[in-house]
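In what follows, a structure is listed as structure tokens, so that the remarks can point back to it.
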Amino acid sequence: MGKKQQSTSDSATDPKKRRRVGFSRVDSGVEAKECIKIYLVFSKEEVGDPSSFCIEPVDLSSFFGEDGKIYGYEELKITVWVSSISFHSYADITFQSTSDGGKGITDLKSALKNVFAETLVENKEEFLETFSTKSNFIRSIISGGEVLQHKTYNGFVNASNSHLDATTSNFEVVRMVVAKSDAGPLYARLIPLVLLLVDGSSPIDVTDSNWELYLLIQKKTNQQEEIQSLLVGFAALYRFYHYPDISRLRISQILVLPPYQHMGYGRYLLEVLNDVAISEDVYDLTVEEPLDYFQHVRTCVDLKRLLGFDPIQEAVKSAVSCLTQGKLSKKSQIPRLAPPTSAIEDVRKTFKINKKQFLQCWEILIYLGLDPVDKYMEDFIIIISNRMKEDIIGKDFGTSGKQVIEVPSDYDQEMSFVMFRSQSASSEANSTVQVVDETLPSQEEQLLKLVEERVKEIQVVAQKVSPHHV
């Protein structure tokens, strides 16, 4: 706070004059995403070029204090350049001035280190040199790995899209055990991109020999007519023991670098992982908390395989026949139309698809069997709604039993209720307790929304795997 200086005599001779008090501006900070841009570049000529590929992080705020803001800078601009050759990074920071507006001055160097760690190069010239001095970084890393081929298995051929059919000869997937190879140092350089691009991710333990990296590599000729290995994407899998003498594979992280996304490379990598699971005869291949888009791709890949799998076709036809026999809304009990245990086991053994994923695909297989779809859509939605209600609320959601009803009272509301047993409760063992309050309508609304989203998801996938199906 500053004061305008005045003489004592001035104040005494002119009572109308008042002291003017000035307050320094309170620093409200700036959101990290508003002043930081991150570019992924393939050559030193792209560094400094605003038309280079700009990536969009899922969340930058978590790296900058509790409120995700940067304080103490005027006209702050941070531009980070990440090399897709060696995955070193360089930050160009410019600002007009700094001042402490009550929240201090953010230590930008420390904050950026939290994001980019040891990949951050402080000197720009040193960073530019890495494009030549580290040009063989990926090639040297993967030299000790196992090259996997995209192959045919059990008489079924994996379906790739037309774009990949023409280019897969330039790509290879290399498997590396993290703790027993140079994959650890490579993954350490990929951690910043994992944190920035994969929502809710955390680094894997590179000292654990159960972790495996599957690297999707593009072979490309550079300007010097040399074959260069570029990293397109990767998957981190954990190998679990399964009694008595088999293993299970779980996909923990999978990332295709932004310039290569939405071009079929993630699907290609997933198909190779499916091949590995089948060729090694693991128990199953699962995914740890899949994001929505990856789950969509995964389901499309699995459905392509299941549509040509004869052992489950009769089970699908039986479920479709049950659904189309009459209006389910008029029936006292609505069938769930779950697949038989034998079908679940056949799918696991043949394709290594776990039960949870197969049940997701099963509903889509039933939908694809409806002809015409519009005629049976109401009953199909009832099946989906009934299944989701059981999954969310519980299998006994429709049973009668004890009910707790809130009642008006002059006493403590949390201590005032009435409980009674429904006369239709058959026994104490199978009765349930239901709380009846004003939140129930919102629960129904939320369930309806979830059902609508699930049906839409089924329709989108069905259209993708069977374009003629409306």
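Chain lettering (A, B, ...) mirrors the order of the structure tokens, residue numbering begins at 1 for each chain separately, and ligand numbering begins at 1 in order of display.
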Subject >> Residues near Ser83 in chain A, cut-off 8 Å, only C-alpha atoms, skip fewer than 4 positions along chain, as JSON, numbers by chain >> reply: {"A": [40, 41, 42, 43, 87, 88, 89, 131]}
Keeping only all heavy atoms, write the selected residues as a PDB file, in the first residue's frame.
ATOM      1  N   LEU A  40       5.004 -30.759 -30.265  1.00  0.00           N
ATOM      2  CA  LEU A  40       5.776 -31.968 -30.525  1.00  0.00           C
ATOM      3  C   LEU A  40       6.407 -31.809 -31.905  1.00  0.00           C
ATOM      4  O   LEU A  40       5.707 -31.680 -32.909  1.00  0.00           O
ATOM      5  CB  LEU A  40       4.877 -33.203 -30.487  1.00  0.00           C
ATOM      6  CG  LEU A  40       5.559 -34.569 -30.507  1.00  0.00           C
ATOM      7  CD1 LEU A  40       6.428 -34.746 -29.262  1.00  0.00           C
ATOM      8  CD2 LEU A  40       4.525 -35.683 -30.583  1.00  0.00           C
ATOM      9  N   VAL A  41       7.738 -31.805 -31.953  1.00  0.00           N
ATOM     10  CA  VAL A  41       8.432 -31.478 -33.195  1.00  0.00           C
ATOM     11  C   VAL A  41       9.342 -32.623 -33.641  1.00  0.00           C
ATOM     12  O   VAL A  41       9.852 -33.394 -32.826  1.00  0.00           O
ATOM     13  CB  VAL A  41       9.258 -30.188 -33.043  1.00  0.00           C
ATOM     14  CG1 VAL A  41       8.345 -28.985 -32.911  1.00  0.00           C
ATOM     15  CG2 VAL A  41      10.186 -30.257 -31.832  1.00  0.00           C
ATOM     16  N   PHE A  42       9.532 -32.721 -34.974  1.00  0.00           N
ATOM     17  CA  PHE A  42      10.301 -33.815 -35.557  1.00  0.00           C
ATOM     18  C   PHE A  42      11.682 -33.370 -36.060  1.00  0.00           C
ATOM     19  O   PHE A  42      12.495 -34.202 -36.425  1.00  0.00           O
ATOM     20  CB  PHE A  42       9.517 -34.431 -36.720  1.00  0.00           C
ATOM     21  CG  PHE A  42       8.285 -35.165 -36.287  1.00  0.00           C
ATOM     22  CD1 PHE A  42       7.110 -34.483 -36.028  1.00  0.00           C
ATOM     23  CD2 PHE A  42       8.301 -36.542 -36.108  1.00  0.00           C
ATOM     24  CE1 PHE A  42       5.964 -35.149 -35.620  1.00  0.00           C
ATOM     25  CE2 PHE A  42       7.167 -37.217 -35.695  1.00  0.00           C
ATOM     26  CZ  PHE A  42       5.999 -36.516 -35.450  1.00  0.00           C
ATOM     27  N   SER A  43      11.926 -32.065 -36.111  1.00  0.00           N
ATOM     28  CA  SER A  43      13.220 -31.551 -36.570  1.00  0.00           C
ATOM     29  C   SER A  43      13.489 -30.211 -35.902  1.00  0.00           C
ATOM     30  O   SER A  43      12.566 -29.561 -35.393  1.00  0.00           O
ATOM     31  CB  SER A  43      13.225 -31.378 -38.091  1.00  0.00           C
ATOM     32  OG  SER A  43      12.322 -30.355 -38.484  1.00  0.00           O
ATOM     33  N   PHE A  87      12.862 -37.163 -27.276  1.00  0.00           N
ATOM     34  CA  PHE A  87      11.934 -36.817 -26.206  1.00  0.00           C
ATOM     35  C   PHE A  87      12.556 -35.923 -25.139  1.00  0.00           C
ATOM     36  O   PHE A  87      12.106 -35.894 -23.997  1.00  0.00           O
ATOM     37  CB  PHE A  87      11.301 -38.082 -25.606  1.00  0.00           C
ATOM     38  CG  PHE A  87      10.472 -38.828 -26.607  1.00  0.00           C
ATOM     39  CD1 PHE A  87      11.003 -39.905 -27.303  1.00  0.00           C
ATOM     40  CD2 PHE A  87       9.193 -38.405 -26.906  1.00  0.00           C
ATOM     41  CE1 PHE A  87      10.261 -40.566 -28.262  1.00  0.00           C
ATOM     42  CE2 PHE A  87       8.448 -39.063 -27.867  1.00  0.00           C
ATOM     43  CZ  PHE A  87       8.973 -40.148 -28.548  1.00  0.00           C
ATOM     44  N   HIS A  88      13.605 -35.194 -25.555  1.00  0.00           N
ATOM     45  CA  HIS A  88      14.065 -34.070 -24.734  1.00  0.00           C
ATOM     46  C   HIS A  88      13.084 -32.915 -24.931  1.00  0.00           C
ATOM     47  O   HIS A  88      12.319 -32.887 -25.909  1.00  0.00           O
ATOM     48  CB  HIS A  88      15.477 -33.631 -25.146  1.00  0.00           C
ATOM     49  CG  HIS A  88      16.553 -34.552 -24.671  1.00  0.00           C
ATOM     50  ND1 HIS A  88      17.152 -35.488 -25.491  1.00  0.00           N
ATOM     51  CD2 HIS A  88      17.136 -34.691 -23.453  1.00  0.00           C
ATOM     52  CE1 HIS A  88      18.073 -36.151 -24.816  1.00  0.00           C
ATOM     53  NE2 HIS A  88      18.068 -35.703 -23.565  1.00  0.00           N
ATOM     54  N   SER A  89      13.110 -31.949 -24.024  1.00  0.00           N
ATOM     55  CA  SER A  89      12.202 -30.811 -24.120  1.00  0.00           C
ATOM     56  C   SER A  89      12.933 -29.514 -23.765  1.00  0.00           C
ATOM     57  O   SER A  89      13.951 -29.523 -23.064  1.00  0.00           O
ATOM     58  CB  SER A  89      10.992 -31.007 -23.197  1.00  0.00           C
ATOM     59  OG  SER A  89      11.419 -31.202 -21.854  1.00  0.00           O
ATOM     60  N   PHE A 131      18.725 -33.143 -31.965  1.00  0.00           N
ATOM     61  CA  PHE A 131      18.102 -33.685 -33.170  1.00  0.00           C
ATOM     62  C   PHE A 131      19.110 -34.422 -34.051  1.00  0.00           C
ATOM     63  O   PHE A 131      18.743 -35.295 -34.828  1.00  0.00           O
ATOM     64  CB  PHE A 131      17.418 -32.577 -33.965  1.00  0.00           C
ATOM     65  CG  PHE A 131      16.141 -32.086 -33.339  1.00  0.00           C
ATOM     66  CD1 PHE A 131      16.156 -31.009 -32.468  1.00  0.00           C
ATOM     67  CD2 PHE A 131      14.942 -32.720 -33.596  1.00  0.00           C
ATOM     68  CE1 PHE A 131      14.991 -30.556 -31.869  1.00  0.00           C
ATOM     69  CE2 PHE A 131      13.770 -32.278 -32.999  1.00  0.00           C
ATOM     70  CZ  PHE A 131      13.795 -31.191 -32.127  1.00  0.00           C
TER      71      PHE A 131
END
Could you build a table of the residues in range 209-320 of chain A lying no more than 12 Å from range 177-191 of chain A, giving for each the nearest pair of atoms and their separation in Å rounded to one decimal place, using only C-alpha atoms, ordered by chain and ascending residue number, as JSON lines?
{"residue": "A:Ser209", "atom": "CA", "partner": "A:Ala179", "partner_atom": "CA", "distance": 4.8}
{"residue": "A:Asn210", "atom": "CA", "partner": "A:Val177", "partner_atom": "CA", "distance": 7.4}
{"residue": "A:Trp211", "atom": "CA", "partner": "A:Val178", "partner_atom": "CA", "distance": 5.8}
{"residue": "A:Glu212", "atom": "CA", "partner": "A:Val177", "partner_atom": "CA", "distance": 4.5}
{"residue": "A:Leu213", "atom": "CA", "partner": "A:Val177", "partner_atom": "CA", "distance": 6.3}
{"residue": "A:Tyr214", "atom": "CA", "partner": "A:Val177", "partner_atom": "CA", "distance": 8.9}
{"residue": "A:Leu215", "atom": "CA", "partner": "A:Ala183", "partner_atom": "CA", "distance": 9.5}
{"residue": "A:Leu231", "atom": "CA", "partner": "A:Leu190", "partner_atom": "CA", "distance": 10.4}
{"residue": "A:Val232", "atom": "CA", "partner": "A:Leu190", "partner_atom": "CA", "distance": 11.9}
{"residue": "A:Gly233", "atom": "CA", "partner": "A:Leu190", "partner_atom": "CA", "distance": 10.2}
{"residue": "A:Phe234", "atom": "CA", "partner": "A:Tyr187", "partner_atom": "CA", "distance": 9.6}
{"residue": "A:Ala235", "atom": "CA", "partner": "A:Tyr187", "partner_atom": "CA", "distance": 10.5}
{"residue": "A:Ala236", "atom": "CA", "partner": "A:Val178", "partner_atom": "CA", "distance": 9.2}
{"residue": "A:Leu237", "atom": "CA", "partner": "A:Val177", "partner_atom": "CA", "distance": 9.7}
{"residue": "A:Tyr238", "atom": "CA", "partner": "A:Val177", "partner_atom": "CA", "distance": 10.0}
{"residue": "A:Arg239", "atom": "CA", "partner": "A:Val177", "partner_atom": "CA", "distance": 10.4}
{"residue": "A:Gln253", "atom": "CA", "partner": "A:Ile191", "partner_atom": "CA", "distance": 11.1}
{"residue": "A:Ile254", "atom": "CA", "partner": "A:Leu190", "partner_atom": "CA", "distance": 11.8}
{"residue": "A:Leu255", "atom": "CA", "partner": "A:Leu190", "partner_atom": "CA", "distance": 10.1}
{"residue": "A:Val256", "atom": "CA", "partner": "A:Leu190", "partner_atom": "CA", "distance": 11.5}
{"residue": "A:Leu257", "atom": "CA", "partner": "A:Leu190", "partner_atom": "CA", "distance": 10.3}
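Each of A:Leu370, A:Leu450, A:Val347, A:Ile70 was compared to Lys109 in chain A using only C-alpha atoms, and A:Ile70 turns out to be the nearest.
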**OP:** Between A:Pro192, A:Pro335, A:Pro57, A:Gly266, single out the one closest to Val82 in chain A, counting only C-alpha atoms.
**Re:** A:Pro192
**OP:** Compile the contact shell of range 93-97 of chain A as an NGL selection string: residues with an atom at most 10 Å away, counting only C-alpha atoms, same-chain residues fewer than 5 positions apart removed.
**Re:** :A and (35-36 or 72-80 or 108-109)
Residues from the last selection, C-alpha atoms, saved as a PDB file, in the first residue's frame:
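Produced file out_9.pdb, reproduced below:
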ATOM      1  CA  CYS A  35      -0.260 -19.248 -20.951  1.00  0.00           C
ATOM      2  CA  ILE A  36       1.400 -22.583 -21.840  1.00  0.00           C
ATOM      3  CA  GLY A  72       3.499 -12.922 -10.156  1.00  0.00           C
ATOM      4  CA  TYR A  73       3.901 -12.443 -13.928  1.00  0.00           C
ATOM      5  CA  GLU A  74       2.622  -9.918 -16.467  1.00  0.00           C
ATOM      6  CA  GLU A  75       2.066 -11.061 -20.054  1.00  0.00           C
ATOM      7  CA  LEU A  76       3.487 -14.505 -19.322  1.00  0.00           C
ATOM      8  CA  LYS A  77       3.979 -16.876 -22.242  1.00  0.00           C
ATOM      9  CA  ILE A  78       5.525 -20.341 -21.951  1.00  0.00           C
ATOM     10  CA  THR A  79       6.252 -22.374 -25.060  1.00  0.00           C
ATOM     11  CA  VAL A  80       7.526 -25.920 -24.597  1.00  0.00           C
ATOM     12  CA  LEU A 108       8.430 -21.646 -13.104  1.00  0.00           C
ATOM     13  CA  LYS A 109      11.633 -23.636 -13.354  1.00  0.00           C
TER      14      LYS A 109
END
Original post:
Quick one: DSSP strand (DSSP E or B) residues in range 2-123 of chain A, as a VMD selection string?
Top reply: chain A and resid 2 to 3 21 to 22 30 to 31 36 to 41 53 to 55 69 to 70 73 to 74 77 to 83 89 to 94 97 to 98 120
**OP:** List the neighbours of Val320 in chain A out to 10 Å using only C-alpha atoms; skip same-chain residues closer than 3 positions along the sequence, and give me the result as a ChimeraX atom specification.
**Re:** /A:314-317,323-325,337,365-371,376,380
File of the preceding selection, all heavy atoms, as a CSV table (one decimal), in the first residue's frame:
chain,number,residue,atom,x,y,z
A,314,GLU,N,-25.2,-69.8,-32.2
A,314,GLU,CA,-26.4,-70.4,-31.7
A,314,GLU,C,-26.9,-69.7,-30.5
A,314,GLU,O,-28.1,-69.5,-30.3
A,314,GLU,CB,-26.3,-71.9,-31.5
A,314,GLU,CG,-26.2,-72.7,-32.8
A,314,GLU,CD,-27.5,-72.5,-33.6
A,314,GLU,OE1,-28.6,-72.5,-33.1
A,314,GLU,OE2,-27.3,-72.4,-34.9
A,315,ALA,N,-26.0,-69.4,-29.6
A,315,ALA,CA,-26.4,-68.7,-28.3
A,315,ALA,C,-27.0,-67.3,-28.6
A,315,ALA,O,-27.9,-66.9,-28.0
A,315,ALA,CB,-25.2,-68.6,-27.4
A,316,VAL,N,-26.4,-66.6,-29.6
A,316,VAL,CA,-26.8,-65.3,-30.0
A,316,VAL,C,-28.2,-65.4,-30.6
A,316,VAL,O,-29.2,-64.6,-30.2
A,316,VAL,CB,-25.9,-64.6,-31.0
A,316,VAL,CG1,-26.5,-63.3,-31.5
A,316,VAL,CG2,-24.5,-64.4,-30.3
A,317,LYS,N,-28.4,-66.4,-31.5
A,317,LYS,CA,-29.7,-66.6,-32.1
A,317,LYS,C,-30.8,-66.9,-31.1
A,317,LYS,O,-31.9,-66.5,-31.2
A,317,LYS,CB,-29.6,-67.7,-33.1
A,317,LYS,CG,-28.8,-67.4,-34.4
A,317,LYS,CD,-28.7,-68.5,-35.3
A,317,LYS,CE,-27.9,-68.2,-36.5
A,317,LYS,NZ,-27.7,-69.4,-37.5
A,323,LEU,N,-36.0,-62.5,-27.3
A,323,LEU,CA,-36.4,-61.1,-27.2
A,323,LEU,C,-37.5,-60.8,-28.2
A,323,LEU,O,-38.3,-59.9,-27.9
A,323,LEU,CB,-35.1,-60.2,-27.5
A,323,LEU,CG,-35.3,-58.7,-27.3
A,323,LEU,CD1,-33.9,-58.1,-27.0
A,323,LEU,CD2,-35.8,-58.0,-28.6
A,324,THR,N,-37.6,-61.4,-29.3
A,324,THR,CA,-38.5,-61.1,-30.3
A,324,THR,C,-39.8,-61.9,-30.3
A,324,THR,O,-40.7,-61.8,-31.1
A,324,THR,CB,-37.9,-61.3,-31.7
A,324,THR,OG1,-37.5,-62.7,-31.8
A,324,THR,CG2,-36.7,-60.4,-32.0
A,325,GLN,N,-40.0,-62.7,-29.2
A,325,GLN,CA,-41.3,-63.5,-29.1
A,325,GLN,C,-42.5,-62.7,-28.7
A,325,GLN,O,-43.6,-63.1,-28.9
A,325,GLN,CB,-41.0,-64.6,-28.1
A,325,GLN,CG,-40.2,-65.8,-28.6
A,325,GLN,CD,-40.0,-66.9,-27.6
A,325,GLN,OE1,-40.4,-66.8,-26.5
A,325,GLN,NE2,-39.4,-68.0,-28.1
A,337,LEU,N,-31.2,-62.3,-20.6
A,337,LEU,CA,-30.6,-62.8,-21.9
A,337,LEU,C,-29.1,-62.8,-21.8
A,337,LEU,O,-28.4,-62.4,-22.7
A,337,LEU,CB,-31.1,-61.9,-23.0
A,337,LEU,CG,-32.6,-61.8,-23.3
A,337,LEU,CD1,-32.8,-61.0,-24.6
A,337,LEU,CD2,-33.2,-63.2,-23.4
A,365,LEU,N,-24.0,-57.8,-30.0
A,365,LEU,CA,-24.3,-59.0,-30.9
A,365,LEU,C,-25.8,-59.2,-30.9
A,365,LEU,O,-26.4,-59.5,-32.0
A,365,LEU,CB,-23.6,-60.2,-30.3
A,365,LEU,CG,-22.1,-60.2,-30.5
A,365,LEU,CD1,-21.5,-61.4,-29.7
A,365,LEU,CD2,-21.7,-60.3,-32.0
A,366,ILE,N,-26.5,-59.1,-29.8
A,366,ILE,CA,-28.0,-59.2,-29.8
A,366,ILE,C,-28.6,-58.1,-30.7
A,366,ILE,O,-29.5,-58.4,-31.5
A,366,ILE,CB,-28.5,-59.2,-28.4
A,366,ILE,CG1,-28.1,-60.4,-27.6
A,366,ILE,CG2,-30.1,-59.1,-28.4
A,366,ILE,CD1,-28.5,-60.4,-26.1
A,367,TYR,N,-28.2,-56.9,-30.5
A,367,TYR,CA,-28.7,-55.8,-31.3
A,367,TYR,C,-28.5,-56.0,-32.8
A,367,TYR,O,-29.4,-55.7,-33.6
A,367,TYR,CB,-28.0,-54.5,-30.8
A,367,TYR,CG,-28.4,-53.3,-31.6
A,367,TYR,CD1,-29.5,-52.5,-31.3
A,367,TYR,CD2,-27.6,-52.8,-32.7
A,367,TYR,CE1,-29.9,-51.4,-32.0
A,367,TYR,CE2,-28.0,-51.7,-33.4
A,367,TYR,CZ,-29.1,-51.0,-33.1
A,367,TYR,OH,-29.5,-49.9,-33.8
A,368,LEU,N,-27.3,-56.5,-33.1
A,368,LEU,CA,-27.1,-56.8,-34.6
A,368,LEU,C,-28.0,-57.9,-35.1
A,368,LEU,O,-28.2,-58.0,-36.3
A,368,LEU,CB,-25.6,-57.2,-34.7
A,368,LEU,CG,-24.6,-56.0,-34.6
A,368,LEU,CD1,-23.2,-56.6,-34.5
A,368,LEU,CD2,-24.7,-55.0,-35.7
A,369,GLY,N,-28.5,-58.7,-34.2
A,369,GLY,CA,-29.4,-59.8,-34.7
A,369,GLY,C,-30.8,-59.4,-34.8
A,369,GLY,O,-31.7,-60.2,-35.3
A,370,LEU,N,-31.2,-58.2,-34.4
A,370,LEU,CA,-32.6,-57.7,-34.5
A,370,LEU,C,-32.9,-57.3,-35.9
A,370,LEU,O,-32.2,-56.5,-36.5
A,370,LEU,CB,-32.8,-56.6,-33.5
A,370,LEU,CG,-32.6,-56.9,-32.0
A,370,LEU,CD1,-32.8,-55.6,-31.2
A,370,LEU,CD2,-33.5,-58.0,-31.5
A,371,ASP,N,-34.0,-57.8,-36.4
A,371,ASP,CA,-34.4,-57.5,-37.8
A,371,ASP,C,-35.9,-57.6,-38.0
A,371,ASP,O,-36.5,-58.6,-37.9
A,371,ASP,CB,-33.7,-58.5,-38.8
A,371,ASP,CG,-33.9,-58.1,-40.3
A,371,ASP,OD1,-34.2,-56.9,-40.5
A,371,ASP,OD2,-33.8,-58.9,-41.1
A,376,TYR,N,-38.2,-54.1,-32.6
A,376,TYR,CA,-37.9,-54.7,-31.3
A,376,TYR,C,-37.1,-53.7,-30.4
A,376,TYR,O,-36.6,-54.2,-29.4
A,376,TYR,CB,-37.1,-56.0,-31.5
A,376,TYR,CG,-37.8,-56.9,-32.4
A,376,TYR,CD1,-37.4,-57.2,-33.7
A,376,TYR,CD2,-38.9,-57.6,-32.0
A,376,TYR,CE1,-38.1,-58.1,-34.6
A,376,TYR,CE2,-39.6,-58.5,-32.8
A,376,TYR,CZ,-39.2,-58.8,-34.1
A,376,TYR,OH,-39.8,-59.6,-34.9
A,380,PHE,N,-35.6,-54.2,-26.5
A,380,PHE,CA,-34.2,-54.2,-26.4
A,380,PHE,C,-33.8,-53.2,-25.3
A,380,PHE,O,-32.9,-53.5,-24.4
A,380,PHE,CB,-33.5,-53.9,-27.7
A,380,PHE,CG,-32.0,-53.9,-27.6
A,380,PHE,CD1,-31.3,-55.1,-27.5
A,380,PHE,CD2,-31.3,-52.7,-27.6
A,380,PHE,CE1,-29.9,-55.1,-27.4
A,380,PHE,CE2,-29.9,-52.7,-27.5
A,380,PHE,CZ,-29.2,-53.9,-27.4
Subject >> Near-Phe63 in chain A list (10 Å; only C-alpha atoms; drop same-chain fewer than 6 positions) as number ranges by chain >> reply: A: 32, 69, 110-115
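Between CA of Leu196 in chain A and CA of Val58 in chain A lies a distance of 5.9 Å.
Closest approach to Glu125 in chain A among A:Ile55, A:Leu216, A:Ile138, A:Val47: A:Val47, based on only C-alpha atoms.
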**OP:** Per DSSP on the backbone, filter range 60-122 of chain A down to the residues in helix (DSSP H, G or I) and report them as a PyMOL selection string.
**Re:** chain A and resi 61-63+108-119
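Across A:Arg336, A:Cys300, A:Glu271, A:Asp59, the tightest approach to Lys464 in chain A is made by A:Cys300 when counting only C-alpha atoms.
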Subject >> All residues 9 Å or closer to Lys220 in chain A, only C-alpha atoms, same chain fewer than 4 positions away omitted, as a count of residues only >> reply: 6
